[in-house]
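Next comes entry-v9.tsv, a file with TSV, N, CA and C atoms.
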chain	number	residue	atom	x	y	z
Y	1	MET	N	-14.58	-15.38	42.97
Y	1	MET	CA	-14.31	-16.19	41.80
Y	1	MET	C	-12.82	-16.52	41.76
Y	2	THR	N	-12.51	-17.80	41.85
Y	2	THR	CA	-11.13	-18.26	41.90
Y	2	THR	C	-10.58	-18.47	40.50
Y	3	GLY	N	-9.35	-18.01	40.30
Y	3	GLY	CA	-8.70	-18.18	39.02
Y	3	GLY	C	-8.02	-19.53	38.91
Y	4	GLU	N	-7.55	-19.84	37.71
Y	4	GLU	CA	-6.90	-21.12	37.42
Y	4	GLU	C	-5.48	-21.11	37.96
Y	5	ARG	N	-5.04	-22.27	38.49
Y	5	ARG	CA	-3.68	-22.41	39.02
Y	5	ARG	C	-2.83	-23.39	38.22
Y	6	ASP	N	-3.43	-24.31	37.50
Y	6	ASP	CA	-2.69	-25.34	36.78
Y	6	ASP	C	-1.99	-24.71	35.57
Y	7	LEU	N	-0.66	-24.82	35.53
Y	7	LEU	CA	0.11	-24.16	34.48
Y	7	LEU	C	-0.29	-24.63	33.08
Y	8	GLN	N	-0.47	-25.93	32.88
Y	8	GLN	CA	-0.82	-26.42	31.54
Y	8	GLN	C	-2.19	-25.90	31.10
Y	9	VAL	N	-3.13	-25.83	32.01
Y	9	VAL	CA	-4.46	-25.27	31.70
Y	9	VAL	C	-4.32	-23.80	31.36
Y	10	LEU	N	-3.50	-23.08	32.11
Y	10	LEU	CA	-3.27	-21.65	31.84
Y	10	LEU	C	-2.66	-21.44	30.46
Y	11	LEU	N	-1.65	-22.24	30.14
Y	11	LEU	CA	-0.99	-22.08	28.83
Y	11	LEU	C	-1.93	-22.44	27.69
Y	12	ARG	N	-2.68	-23.52	27.85
Y	12	ARG	CA	-3.61	-23.93	26.77
Y	12	ARG	C	-4.69	-22.88	26.54
Y	13	GLY	N	-5.11	-22.21	27.59
Y	13	GLY	CA	-6.24	-21.30	27.48
Y	13	GLY	C	-5.90	-19.83	27.53
Y	14	MET	N	-4.63	-19.45	27.36
Y	14	MET	CA	-4.28	-18.05	27.60
Y	14	MET	C	-4.84	-17.06	26.58
Y	15	ARG	N	-5.15	-17.47	25.39
Y	15	ARG	CA	-5.79	-16.63	24.38
Y	15	ARG	C	-5.27	-15.18	24.37
Y	16	PRO	N	-4.00	-14.98	24.00
Y	16	PRO	CA	-3.43	-13.63	24.01
Y	16	PRO	C	-4.16	-12.70	23.04
Y	17	GLU	N	-4.41	-11.49	23.50
Y	17	GLU	CA	-5.12	-10.49	22.70
Y	17	GLU	C	-4.32	-9.20	22.69
Y	18	LEU	N	-3.99	-8.71	21.50
Y	18	LEU	CA	-3.26	-7.46	21.34
Y	18	LEU	C	-4.24	-6.30	21.27
Y	19	HIS	N	-4.07	-5.35	22.16
Y	19	HIS	CA	-4.90	-4.13	22.16
Y	19	HIS	C	-4.39	-3.17	21.09
Y	20	ASP	N	-5.28	-2.36	20.58
Y	20	ASP	CA	-4.88	-1.31	19.63
Y	20	ASP	C	-4.10	-0.24	20.37
Y	21	GLY	N	-3.20	0.40	19.68
Y	21	GLY	CA	-2.52	1.56	20.23
Y	21	GLY	C	-1.12	1.31	20.72
Y	22	ARG	N	-0.48	2.43	21.05
Y	22	ARG	CA	0.87	2.45	21.60
Y	22	ARG	C	0.75	2.90	23.05
Y	23	TYR	N	1.48	2.24	23.93
Y	23	TYR	CA	1.42	2.52	25.36
Y	23	TYR	C	2.82	2.87	25.86
Y	24	VAL	N	2.89	3.79	26.80
Y	24	VAL	CA	4.18	4.23	27.34
Y	24	VAL	C	4.16	4.17	28.86
Y	25	PHE	N	5.34	4.03	29.43
Y	25	PHE	CA	5.54	4.08	30.88
Y	25	PHE	C	6.11	5.45	31.21
Y	26	THR	N	5.54	6.11	32.20
Y	26	THR	CA	6.04	7.40	32.65
Y	26	THR	C	5.83	7.49	34.15
Y	27	SER	N	6.33	8.54	34.75
Y	27	SER	CA	6.19	8.72	36.19
Y	27	SER	C	5.84	10.16	36.49
Y	28	VAL	N	4.95	10.35	37.46
Y	28	VAL	CA	4.56	11.69	37.92
Y	28	VAL	C	4.77	11.77	39.43
Y	29	PRO	N	5.01	12.97	39.96
Y	29	PRO	CA	5.32	13.08	41.38
Y	29	PRO	C	4.13	12.95	42.33
Y	30	GLY	N	2.91	13.07	41.85
Y	30	GLY	CA	1.75	13.02	42.75
Y	30	GLY	C	0.68	12.13	42.19
Y	31	ALA	N	-0.52	12.68	42.16
Y	31	ALA	CA	-1.68	11.94	41.65
Y	31	ALA	C	-1.69	11.94	40.12
Y	32	VAL	N	-2.58	11.12	39.56
Y	32	VAL	CA	-2.76	11.07	38.10
Y	32	VAL	C	-3.23	12.45	37.64
Y	33	PRO	N	-2.53	13.06	36.69
Y	33	PRO	CA	-2.97	14.37	36.19
Y	33	PRO	C	-4.38	14.31	35.61
Y	34	ALA	N	-5.12	15.37	35.80
Y	34	ALA	CA	-6.50	15.45	35.30
Y	34	ALA	C	-6.53	15.19	33.80
Y	35	GLY	N	-7.55	14.45	33.38
Y	35	GLY	CA	-7.75	14.17	31.97
Y	35	GLY	C	-7.02	12.96	31.44
Y	36	LEU	N	-6.22	12.30	32.28
Y	36	LEU	CA	-5.51	11.10	31.83
Y	36	LEU	C	-6.24	9.86	32.33
Y	37	ALA	N	-6.16	8.80	31.53
Y	37	ALA	CA	-6.80	7.53	31.90
Y	37	ALA	C	-5.78	6.40	31.77
Y	38	PRO	N	-4.87	6.28	32.75
Y	38	PRO	CA	-3.87	5.21	32.65
Y	38	PRO	C	-4.51	3.83	32.74
Y	39	VAL	N	-3.89	2.85	32.07
Y	39	VAL	CA	-4.37	1.47	32.16
Y	39	VAL	C	-3.71	0.75	33.32
Y	40	VAL	N	-2.60	1.30	33.83
Y	40	VAL	CA	-1.90	0.76	34.99
Y	40	VAL	C	-1.35	1.94	35.79
Y	41	THR	N	-1.41	1.83	37.11
Y	41	THR	CA	-0.70	2.75	37.99
Y	41	THR	C	0.03	1.92	39.04
Y	42	VAL	N	1.23	2.37	39.38
Y	42	VAL	CA	2.02	1.71	40.42
Y	42	VAL	C	2.63	2.80	41.29
Y	43	ALA	N	2.33	2.76	42.58
Y	43	ALA	CA	2.90	3.73	43.51
Y	43	ALA	C	4.28	3.26	43.94
Y	44	GLU	N	5.27	4.11	43.70
Y	44	GLU	CA	6.64	3.84	44.11
Y	44	GLU	C	7.13	5.03	44.92
Y	45	PRO	N	8.13	4.84	45.77
Y	45	PRO	CA	8.64	5.97	46.56
Y	45	PRO	C	9.08	7.16	45.70
Y	46	GLU	N	9.57	6.87	44.48
Y	46	GLU	CA	10.07	7.93	43.60
Y	46	GLU	C	8.96	8.65	42.83
Y	47	GLY	N	7.75	8.11	42.81
Y	47	GLY	CA	6.66	8.73	42.08
Y	47	GLY	C	5.63	7.69	41.67
Y	48	LEU	N	4.60	8.15	41.01
Y	48	LEU	CA	3.52	7.30	40.55
Y	48	LEU	C	3.79	6.90	39.10
Y	49	THR	N	4.02	5.61	38.86
Y	49	THR	CA	4.21	5.12	37.50
Y	49	THR	C	2.86	5.03	36.83
Y	50	LEU	N	2.79	5.52	35.60
Y	50	LEU	CA	1.58	5.42	34.79
Y	50	LEU	C	1.92	4.67	33.51
Y	51	VAL	N	1.04	3.79	33.10
Y	51	VAL	CA	1.10	3.20	31.76
Y	51	VAL	C	-0.15	3.71	31.07
Y	52	LEU	N	0.05	4.43	29.98
Y	52	LEU	CA	-1.08	5.04	29.29
Y	52	LEU	C	-0.78	5.15	27.81
Y	53	ARG	N	-1.81	5.49	27.06
Y	53	ARG	CA	-1.65	5.65	25.62
Y	53	ARG	C	-0.63	6.74	25.33
Y	54	GLN	N	0.19	6.49	24.33
Y	54	GLN	CA	1.24	7.43	23.96
Y	54	GLN	C	0.66	8.81	23.66
Y	55	GLU	N	-0.47	8.87	22.97
Y	55	GLU	CA	-1.02	10.18	22.61
Y	55	GLU	C	-1.45	10.98	23.85
Y	56	GLU	N	-1.87	10.29	24.91
Y	56	GLU	CA	-2.20	11.01	26.16
Y	56	GLU	C	-0.95	11.61	26.77
Y	57	ALA	N	0.12	10.83	26.84
Y	57	ALA	CA	1.38	11.33	27.39
Y	57	ALA	C	1.89	12.51	26.57
Y	58	ASP	N	1.81	12.39	25.25
Y	58	ASP	CA	2.26	13.47	24.38
Y	58	ASP	C	1.42	14.73	24.59
Y	59	ARG	N	0.11	14.56	24.74
Y	59	ARG	CA	-0.79	15.71	24.88
Y	59	ARG	C	-0.45	16.56	26.10
Y	60	VAL	N	-0.03	15.93	27.19
Y	60	VAL	CA	0.27	16.69	28.41
Y	60	VAL	C	1.78	16.85	28.65
Y	61	GLY	N	2.60	16.39	27.71
Y	61	GLY	CA	4.04	16.61	27.79
Y	61	GLY	C	4.79	15.74	28.77
Y	62	LEU	N	4.32	14.51	28.98
Y	62	LEU	CA	5.02	13.59	29.88
Y	62	LEU	C	6.17	12.92	29.14
Y	63	ASP	N	7.28	12.75	29.84
Y	63	ASP	CA	8.46	12.09	29.26
Y	63	ASP	C	8.31	10.56	29.33
Y	64	TYR	N	8.85	9.89	28.33
Y	64	TYR	CA	8.91	8.43	28.31
Y	64	TYR	C	9.99	8.03	27.33
Y	65	ASP	N	10.47	6.80	27.44
Y	65	ASP	CA	11.46	6.33	26.48
Y	65	ASP	C	11.19	4.91	26.00
Y	66	TYR	N	10.06	4.35	26.37
Y	66	TYR	CA	9.71	2.99	25.96
Y	66	TYR	C	8.28	3.00	25.44
Y	67	VAL	N	8.11	2.57	24.19
Y	67	VAL	CA	6.78	2.50	23.58
Y	67	VAL	C	6.44	1.02	23.43
Y	68	ALA	N	5.28	0.64	23.94
Y	68	ALA	CA	4.93	-0.77	24.04
Y	68	ALA	C	3.60	-1.08	23.36
Y	69	GLY	N	3.47	-2.34	22.99
Y	69	GLY	CA	2.19	-2.92	22.64
Y	69	GLY	C	1.67	-3.63	23.89
Y	70	TRP	N	0.37	-3.65	24.06
Y	70	TRP	CA	-0.26	-4.23	25.25
Y	70	TRP	C	-0.99	-5.51	24.86
Y	71	ILE	N	-0.58	-6.62	25.44
Y	71	ILE	CA	-1.20	-7.92	25.21
Y	71	ILE	C	-1.84	-8.40	26.52
Y	72	THR	N	-3.09	-8.80	26.45
Y	72	THR	CA	-3.77	-9.39	27.61
Y	72	THR	C	-3.91	-10.88	27.39
Y	73	LEU	N	-3.54	-11.66	28.41
Y	73	LEU	CA	-3.78	-13.10	28.38
Y	73	LEU	C	-5.19	-13.30	28.92
Y	74	ARG	N	-6.08	-13.81	28.10
Y	74	ARG	CA	-7.51	-13.86	28.43
Y	74	ARG	C	-7.90	-14.99	29.37
Y	75	VAL	N	-6.96	-15.81	29.80
Y	75	VAL	CA	-7.28	-16.85	30.77
Y	75	VAL	C	-7.36	-16.19	32.16
Y	76	HIS	N	-8.29	-16.65	32.99
Y	76	HIS	CA	-8.42	-16.11	34.35
Y	76	HIS	C	-7.42	-16.83	35.24
Y	77	SER	N	-6.29	-16.21	35.45
Y	77	SER	CA	-5.22	-16.81	36.24
Y	77	SER	C	-5.35	-16.40	37.71
Y	78	ALA	N	-5.11	-17.36	38.58
Y	78	ALA	CA	-5.10	-17.07	40.02
Y	78	ALA	C	-3.85	-16.25	40.34
Y	79	LEU	N	-3.97	-15.37	41.30
Y	79	LEU	CA	-2.83	-14.55	41.68
Y	79	LEU	C	-1.68	-15.38	42.26
Y	80	ASP	N	-2.00	-16.57	42.79
Y	80	ASP	CA	-0.94	-17.42	43.33
Y	80	ASP	C	-0.55	-18.57	42.39
Y	81	ALA	N	-0.96	-18.48	41.13
Y	81	ALA	CA	-0.56	-19.48	40.14
Y	81	ALA	C	0.96	-19.41	39.95
Y	82	VAL	N	1.57	-20.55	39.72
Y	82	VAL	CA	3.03	-20.63	39.60
Y	82	VAL	C	3.41	-21.00	38.17
Y	83	GLY	N	4.28	-20.21	37.55
Y	83	GLY	CA	4.90	-20.59	36.29
Y	83	GLY	C	4.44	-19.86	35.05
Y	84	LEU	N	3.28	-19.24	35.05
Y	84	LEU	CA	2.78	-18.60	33.83
Y	84	LEU	C	3.69	-17.45	33.41
Y	85	THR	N	4.02	-16.58	34.33
Y	85	THR	CA	4.89	-15.45	34.00
Y	85	THR	C	6.23	-15.95	33.48
Y	86	ALA	N	6.78	-16.96	34.13
Y	86	ALA	CA	8.08	-17.51	33.71
Y	86	ALA	C	7.99	-18.11	32.32
Y	87	ALA	N	6.94	-18.87	32.04
Y	87	ALA	CA	6.80	-19.51	30.73
Y	87	ALA	C	6.66	-18.48	29.62
Y	88	VAL	N	5.85	-17.46	29.87
Y	88	VAL	CA	5.63	-16.41	28.87
Y	88	VAL	C	6.90	-15.60	28.65
Y	89	ALA	N	7.53	-15.18	29.75
Y	89	ALA	CA	8.75	-14.38	29.64
Y	89	ALA	C	9.87	-15.18	28.95
Y	90	THR	N	9.98	-16.46	29.26
Y	90	THR	CA	11.00	-17.31	28.63
Y	90	THR	C	10.75	-17.44	27.13
Y	91	ALA	N	9.51	-17.69	26.75
Y	91	ALA	CA	9.18	-17.82	25.33
Y	91	ALA	C	9.53	-16.54	24.57
Y	92	LEU	N	9.22	-15.40	25.15
Y	92	LEU	CA	9.52	-14.13	24.49
Y	92	LEU	C	11.02	-13.85	24.51
Y	93	ALA	N	11.70	-14.16	25.61
Y	93	ALA	CA	13.14	-13.94	25.71
Y	93	ALA	C	13.89	-14.78	24.68
Y	94	GLU	N	13.42	-15.99	24.42
Y	94	GLU	CA	14.05	-16.85	23.41
Y	94	GLU	C	14.00	-16.22	22.03
Y	95	THR	N	13.07	-15.29	21.83
Y	95	THR	CA	12.95	-14.57	20.57
Y	95	THR	C	13.64	-13.22	20.64
Y	96	GLY	N	14.21	-12.90	21.80
Y	96	GLY	CA	14.91	-11.63	21.98
Y	96	GLY	C	13.99	-10.47	22.32
Y	97	LEU	N	12.80	-10.78	22.86
Y	97	LEU	CA	11.83	-9.73	23.18
Y	97	LEU	C	11.73	-9.51	24.68
Y	98	SER	N	11.74	-8.25	25.09
Y	98	SER	CA	11.50	-7.92	26.48
Y	98	SER	C	10.01	-8.00	26.77
Y	99	CYS	N	9.69	-8.12	28.05
Y	99	CYS	CA	8.28	-8.26	28.44
Y	99	CYS	C	8.12	-7.69	29.85
Y	100	ASN	N	7.26	-6.71	29.99
Y	100	ASN	CA	6.92	-6.16	31.29
Y	100	ASN	C	5.54	-6.67	31.63
Y	101	VAL	N	5.44	-7.43	32.74
Y	101	VAL	CA	4.20	-8.10	33.11
Y	101	VAL	C	3.52	-7.37	34.26
Y	102	VAL	N	2.21	-7.19	34.13
Y	102	VAL	CA	1.39	-6.62	35.20
Y	102	VAL	C	0.26	-7.60	35.45
Y	103	ALA	N	0.11	-8.01	36.70
Y	103	ALA	CA	-0.97	-8.92	37.05
Y	103	ALA	C	-2.19	-8.12	37.49
Y	104	GLY	N	-3.30	-8.34	36.80
Y	104	GLY	CA	-4.57	-7.82	37.25
Y	104	GLY	C	-5.27	-8.87	38.09
Y	105	PHE	N	-6.43	-8.57	38.62
Y	105	PHE	CA	-7.16	-9.52	39.44
Y	105	PHE	C	-7.51	-10.78	38.67
Y	106	ARG	N	-7.89	-10.64	37.39
Y	106	ARG	CA	-8.31	-11.79	36.59
Y	106	ARG	C	-7.33	-12.19	35.48
Y	107	HIS	N	-6.57	-11.24	34.99
Y	107	HIS	CA	-5.73	-11.51	33.81
Y	107	HIS	C	-4.33	-10.94	34.00
Y	108	ASP	N	-3.40	-11.50	33.23
Y	108	ASP	CA	-2.05	-10.96	33.16
Y	108	ASP	C	-1.95	-10.09	31.91
Y	109	HIS	N	-1.21	-9.01	32.04
Y	109	HIS	CA	-1.06	-8.04	30.96
Y	109	HIS	C	0.42	-7.89	30.66
Y	110	LEU	N	0.76	-7.97	29.39
Y	110	LEU	CA	2.15	-7.92	28.95
Y	110	LEU	C	2.36	-6.67	28.12
Y	111	PHE	N	3.44	-5.99	28.40
Y	111	PHE	CA	3.83	-4.83	27.61
Y	111	PHE	C	5.15	-5.19	26.94
Y	112	VAL	N	5.11	-5.25	25.61
Y	112	VAL	CA	6.24	-5.69	24.80
Y	112	VAL	C	6.61	-4.55	23.85
Y	113	PRO	N	7.83	-4.56	23.30
Y	113	PRO	CA	8.20	-3.50	22.37
Y	113	PRO	C	7.14	-3.36	21.26
Y	114	TYR	N	6.69	-2.14	21.05
Y	114	TYR	CA	5.58	-1.91	20.10
Y	114	TYR	C	5.88	-2.49	18.72
Y	115	GLU	N	7.09	-2.27	18.23
Y	115	GLU	CA	7.41	-2.70	16.87
Y	115	GLU	C	7.44	-4.23	16.73
Y	116	ALA	N	7.48	-4.94	17.85
Y	116	ALA	CA	7.52	-6.40	17.82
Y	116	ALA	C	6.27	-7.03	18.43
Y	117	ALA	N	5.22	-6.25	18.62
Y	117	ALA	CA	4.01	-6.76	19.30
Y	117	ALA	C	3.36	-7.90	18.53
Y	118	GLU	N	3.29	-7.82	17.23
Y	118	GLU	CA	2.69	-8.90	16.43
Y	118	GLU	C	3.55	-10.16	16.53
Y	119	GLN	N	4.85	-10.00	16.52
Y	119	GLN	CA	5.77	-11.13	16.68
Y	119	GLN	C	5.56	-11.78	18.05
Y	120	ALA	N	5.42	-10.96	19.09
Y	120	ALA	CA	5.19	-11.48	20.44
Y	120	ALA	C	3.87	-12.25	20.50
Y	121	LEU	N	2.85	-11.71	19.85
Y	121	LEU	CA	1.54	-12.37	19.82
Y	121	LEU	C	1.65	-13.75	19.16
Y	122	ARG	N	2.36	-13.82	18.04
Y	122	ARG	CA	2.56	-15.10	17.36
Y	122	ARG	C	3.30	-16.08	18.25
Y	123	ARG	N	4.31	-15.61	18.95
Y	123	ARG	CA	5.10	-16.48	19.83
Y	123	ARG	C	4.22	-17.03	20.96
Y	124	LEU	N	3.36	-16.20	21.51
Y	124	LEU	CA	2.45	-16.64	22.58
Y	124	LEU	C	1.43	-17.64	22.04
Y	125	ASP	N	0.95	-17.40	20.83
Y	125	ASP	CA	0.03	-18.36	20.21
Y	125	ASP	C	0.73	-19.71	20.01
Y	126	GLU	N	2.00	-19.69	19.61
Y	126	GLU	CA	2.78	-20.93	19.46
Y	126	GLU	C	2.90	-21.65	20.80
Y	127	LEU	N	3.16	-20.90	21.86
Y	127	LEU	CA	3.28	-21.48	23.19
Y	127	LEU	C	1.97	-22.15	23.60
Y	128	ALA	N	0.86	-21.49	23.36
Y	128	ALA	CA	-0.45	-22.07	23.68
Y	128	ALA	C	-0.72	-23.32	22.82
Y	129	ASP	N	-0.37	-23.25	21.54
Y	129	ASP	CA	-0.57	-24.40	20.66
Y	129	ASP	C	0.24	-25.61	21.13
Y	130	ARG	N	1.48	-25.37	21.56
Y	130	ARG	CA	2.32	-26.46	22.07
Y	130	ARG	C	1.70	-27.07	23.32
Y	131	ALA	N	1.17	-26.24	24.18
Y	131	ALA	CA	0.54	-26.75	25.41
Y	131	ALA	C	-0.70	-27.57	25.07
Y	132	ARG	N	-1.48	-27.10	24.10
Y	132	ARG	CA	-2.68	-27.86	23.68
Y	132	ARG	C	-2.32	-29.19	23.05
Y	133	ALA	N	-1.17	-29.23	22.38
Y	133	ALA	CA	-0.71	-30.46	21.76
Y	133	ALA	C	0.02	-31.38	22.75
Y	134	GLY	N	0.22	-30.87	23.98
Y	134	GLY	CA	0.87	-31.68	25.00
Y	134	GLY	C	2.37	-31.76	24.86
Y	135	ARG	N	2.97	-30.82	24.14
Y	135	ARG	CA	4.41	-30.81	23.94
Y	135	ARG	C	5.05	-29.83	24.91
Y	136	ALA	N	6.03	-30.30	25.64
Y	136	ALA	CA	6.75	-29.44	26.58
Y	136	ALA	C	8.06	-28.99	25.96
Y	137	GLY	N	8.74	-28.10	26.63
Y	137	GLY	CA	10.07	-27.71	26.21
Y	137	GLY	C	10.09	-26.44	25.39
Y	138	ARG	N	11.25	-26.20	24.82
Y	138	ARG	CA	11.47	-24.97	24.06
Y	138	ARG	C	10.60	-24.95	22.82
Y	139	LEU	N	10.30	-23.73	22.37
Y	139	LEU	CA	9.48	-23.57	21.17
Y	139	LEU	C	10.27	-23.86	19.91
Y	140	GLY	N	11.56	-23.57	19.93
Y	140	GLY	CA	12.42	-23.84	18.76
Y	140	GLY	C	12.15	-23.00	17.58

What is this file in structure tokens?
Amino acid sequence: MTGERDLQVLLRGMRPELHDGRYVFTSVPGAVPAGLAPVVTVAEPEGLTLVLRQEEADRVGLDYDYVAGWITLRVHSALDAVGLTAAVATALAETGLSCNVVAGFRHDHLFVPYEAAEQALRRLDELADRARAGRAGRLG
């Protein structure tokens, strides 16, 4: 199943969805500890990065310093699509929000500061609305 590549189609149809909960980034030296269910894992030379619910990290005593809200863009984006990450990151940066992007096989996942997750969701909805209206450029 091939994902969408056209940037305007991706922006018009991204349908951002905010997941419940607080998510944290942490790192462990080996495999995922028993009893944890990370939503993202990334193998790095320094250790295995885990993105998981804050309460899971707290339960097993994992260190973290960034608490995020998790937003999924519900459009099926192709892995070789050009511009979606840049458009989303730019829109959020214009509002002063950081954004950590993880590409899944079908969807892009954004981790934004937890306290600003609703603001980020509104900004993404504005970006999609502008694309549907055929307006390019800054959100203003």

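Restricting the calculation to only N, CA and C atoms, the smallest distance between Val51 (chain Y) and any of Y:Ala117, Y:Val24, Y:Ala87, Y:Ala103 is found for Y:Val24.
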
Can you find the residues with an atom no farther than 6 Å from (-7.2, -11.5, 33.5), counting only N, CA and C atoms, and report them as a short mmCIF file (atom, residue, chain, number, x, y, z; two decimals) with N, CA and C atoms, in the coordinates of the input?
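And here is the file that came out, point_31.cif:
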data_model
loop_
_atom_site.label_atom_id
_atom_site.label_comp_id
_atom_site.auth_asym_id
_atom_site.auth_seq_id
_atom_site.Cartn_x
_atom_site.Cartn_y
_atom_site.Cartn_z
N LEU Y 73 -3.54 -11.66 28.41
CA LEU Y 73 -3.78 -13.10 28.38
C LEU Y 73 -5.19 -13.30 28.92
N ARG Y 74 -6.08 -13.81 28.10
CA ARG Y 74 -7.51 -13.86 28.43
C ARG Y 74 -7.90 -14.99 29.37
N VAL Y 75 -6.96 -15.81 29.80
CA VAL Y 75 -7.28 -16.85 30.77
C VAL Y 75 -7.36 -16.19 32.16
N HIS Y 76 -8.29 -16.65 32.99
CA HIS Y 76 -8.42 -16.11 34.35
C HIS Y 76 -7.42 -16.83 35.24
N SER Y 77 -6.29 -16.21 35.45
CA SER Y 77 -5.22 -16.81 36.24
C SER Y 77 -5.35 -16.40 37.71
N GLY Y 104 -3.30 -8.34 36.80
CA GLY Y 104 -4.57 -7.82 37.25
C GLY Y 104 -5.27 -8.87 38.09
N PHE Y 105 -6.43 -8.57 38.62
CA PHE Y 105 -7.16 -9.52 39.44
C PHE Y 105 -7.51 -10.78 38.67
N ARG Y 106 -7.89 -10.64 37.39
CA ARG Y 106 -8.31 -11.79 36.59
C ARG Y 106 -7.33 -12.19 35.48
N HIS Y 107 -6.57 -11.24 34.99
CA HIS Y 107 -5.73 -11.51 33.81
C HIS Y 107 -4.33 -10.94 34.00
N ASP Y 108 -3.40 -11.50 33.23
CA ASP Y 108 -2.05 -10.96 33.16
C ASP Y 108 -1.95 -10.09 31.91
#

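Nearest residue to Leu18 (chain Y), choosing from Y:Asp6, Y:Glu118, Y:Asp58, Y:Glu44 and counting all atoms listed in the file: Y:Glu118.
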
**OP:** Going by DSSP on the backbone, which bits of chain Y are strand (DSSP E)? Write them as JSON, numbers by chain, please.
**Re:** {"Y": [16, 17, 18, 23, 24, 25, 26, 27, 28, 40, 41, 42, 43, 44, 47, 48, 49, 50, 51, 52, 53, 67, 68, 69, 70, 71, 72, 73, 100, 101, 102, 103, 108, 109, 110, 111, 112, 113]}

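Between Glu17 (chain Y) and the residues Y:Ala131, Y:Leu121, Y:Leu92, Y:Leu79, the shortest atom-to-atom distance, using only C-alpha atoms, involves Y:Leu121.
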
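Each of Y:Ala68, Y:Thr85, Y:Thr90, Y:Ala78 was compared to Val112 (chain Y) using all atoms listed in the file, and Y:Ala68 turns out to be the nearest.
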
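Considering the residues Y:Thr41, Y:Thr49, Y:Gln119, Y:Gln8 and counting all atoms listed in the file, Phe25 (chain Y) has its shortest atom-to-atom contact with Y:Thr49.
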
Starting from the incomplete input, reconstruct all heavy atoms of region 37-42 of chain Y and report them as a PDB file, in the coordinates of the input.
ATOM      1  N   ALA Y  37      -6.160   8.800  31.530  1.00  0.00           N
ATOM      2  CA  ALA Y  37      -6.800   7.530  31.900  1.00  0.00           C
ATOM      3  C   ALA Y  37      -5.780   6.400  31.770  1.00  0.00           C
ATOM      4  O   ALA Y  37      -5.796   5.640  30.792  1.00  0.00           O
ATOM      5  CB  ALA Y  37      -8.014   7.271  31.003  1.00  0.00           C
ATOM      6  N   PRO Y  38      -4.870   6.280  32.750  1.00  0.00           N
ATOM      7  CA  PRO Y  38      -3.870   5.210  32.650  1.00  0.00           C
ATOM      8  C   PRO Y  38      -4.510   3.830  32.740  1.00  0.00           C
ATOM      9  O   PRO Y  38      -5.540   3.660  33.397  1.00  0.00           O
ATOM     10  CB  PRO Y  38      -2.951   5.464  33.845  1.00  0.00           C
ATOM     11  CG  PRO Y  38      -3.743   6.287  34.785  1.00  0.00           C
ATOM     12  CD  PRO Y  38      -4.737   7.054  33.967  1.00  0.00           C
ATOM     13  N   VAL Y  39      -3.890   2.850  32.070  1.00  0.00           N
ATOM     14  CA  VAL Y  39      -4.370   1.470  32.160  1.00  0.00           C
ATOM     15  C   VAL Y  39      -3.710   0.750  33.320  1.00  0.00           C
ATOM     16  O   VAL Y  39      -4.193  -0.294  33.765  1.00  0.00           O
ATOM     17  CB  VAL Y  39      -4.172   0.696  30.843  1.00  0.00           C
ATOM     18  CG1 VAL Y  39      -5.000   1.332  29.724  1.00  0.00           C
ATOM     19  CG2 VAL Y  39      -2.713   0.594  30.450  1.00  0.00           C
ATOM     20  N   VAL Y  40      -2.600   1.300  33.830  1.00  0.00           N
ATOM     21  CA  VAL Y  40      -1.900   0.760  34.990  1.00  0.00           C
ATOM     22  C   VAL Y  40      -1.350   1.940  35.790  1.00  0.00           C
ATOM     23  O   VAL Y  40      -0.865   2.919  35.203  1.00  0.00           O
ATOM     24  CB  VAL Y  40      -0.712  -0.145  34.576  1.00  0.00           C
ATOM     25  CG1 VAL Y  40       0.076  -0.600  35.802  1.00  0.00           C
ATOM     26  CG2 VAL Y  40      -1.173  -1.340  33.766  1.00  0.00           C
ATOM     27  N   THR Y  41      -1.410   1.830  37.110  1.00  0.00           N
ATOM     28  CA  THR Y  41      -0.700   2.750  37.990  1.00  0.00           C
ATOM     29  C   THR Y  41       0.030   1.920  39.040  1.00  0.00           C
ATOM     30  O   THR Y  41      -0.475   0.901  39.499  1.00  0.00           O
ATOM     31  CB  THR Y  41      -1.634   3.753  38.701  1.00  0.00           C
ATOM     32  OG1 THR Y  41      -2.555   3.035  39.516  1.00  0.00           O
ATOM     33  CG2 THR Y  41      -2.385   4.626  37.713  1.00  0.00           C
ATOM     34  N   VAL Y  42       1.230   2.370  39.380  1.00  0.00           N
ATOM     35  CA  VAL Y  42       2.020   1.710  40.420  1.00  0.00           C
ATOM     36  C   VAL Y  42       2.630   2.800  41.290  1.00  0.00           C
ATOM     37  O   VAL Y  42       3.352   3.675  40.781  1.00  0.00           O
ATOM     38  CB  VAL Y  42       3.149   0.837  39.832  1.00  0.00           C
ATOM     39  CG1 VAL Y  42       3.975   0.201  40.940  1.00  0.00           C
ATOM     40  CG2 VAL Y  42       2.583  -0.230  38.902  1.00  0.00           C
TER      41      VAL Y  42
END
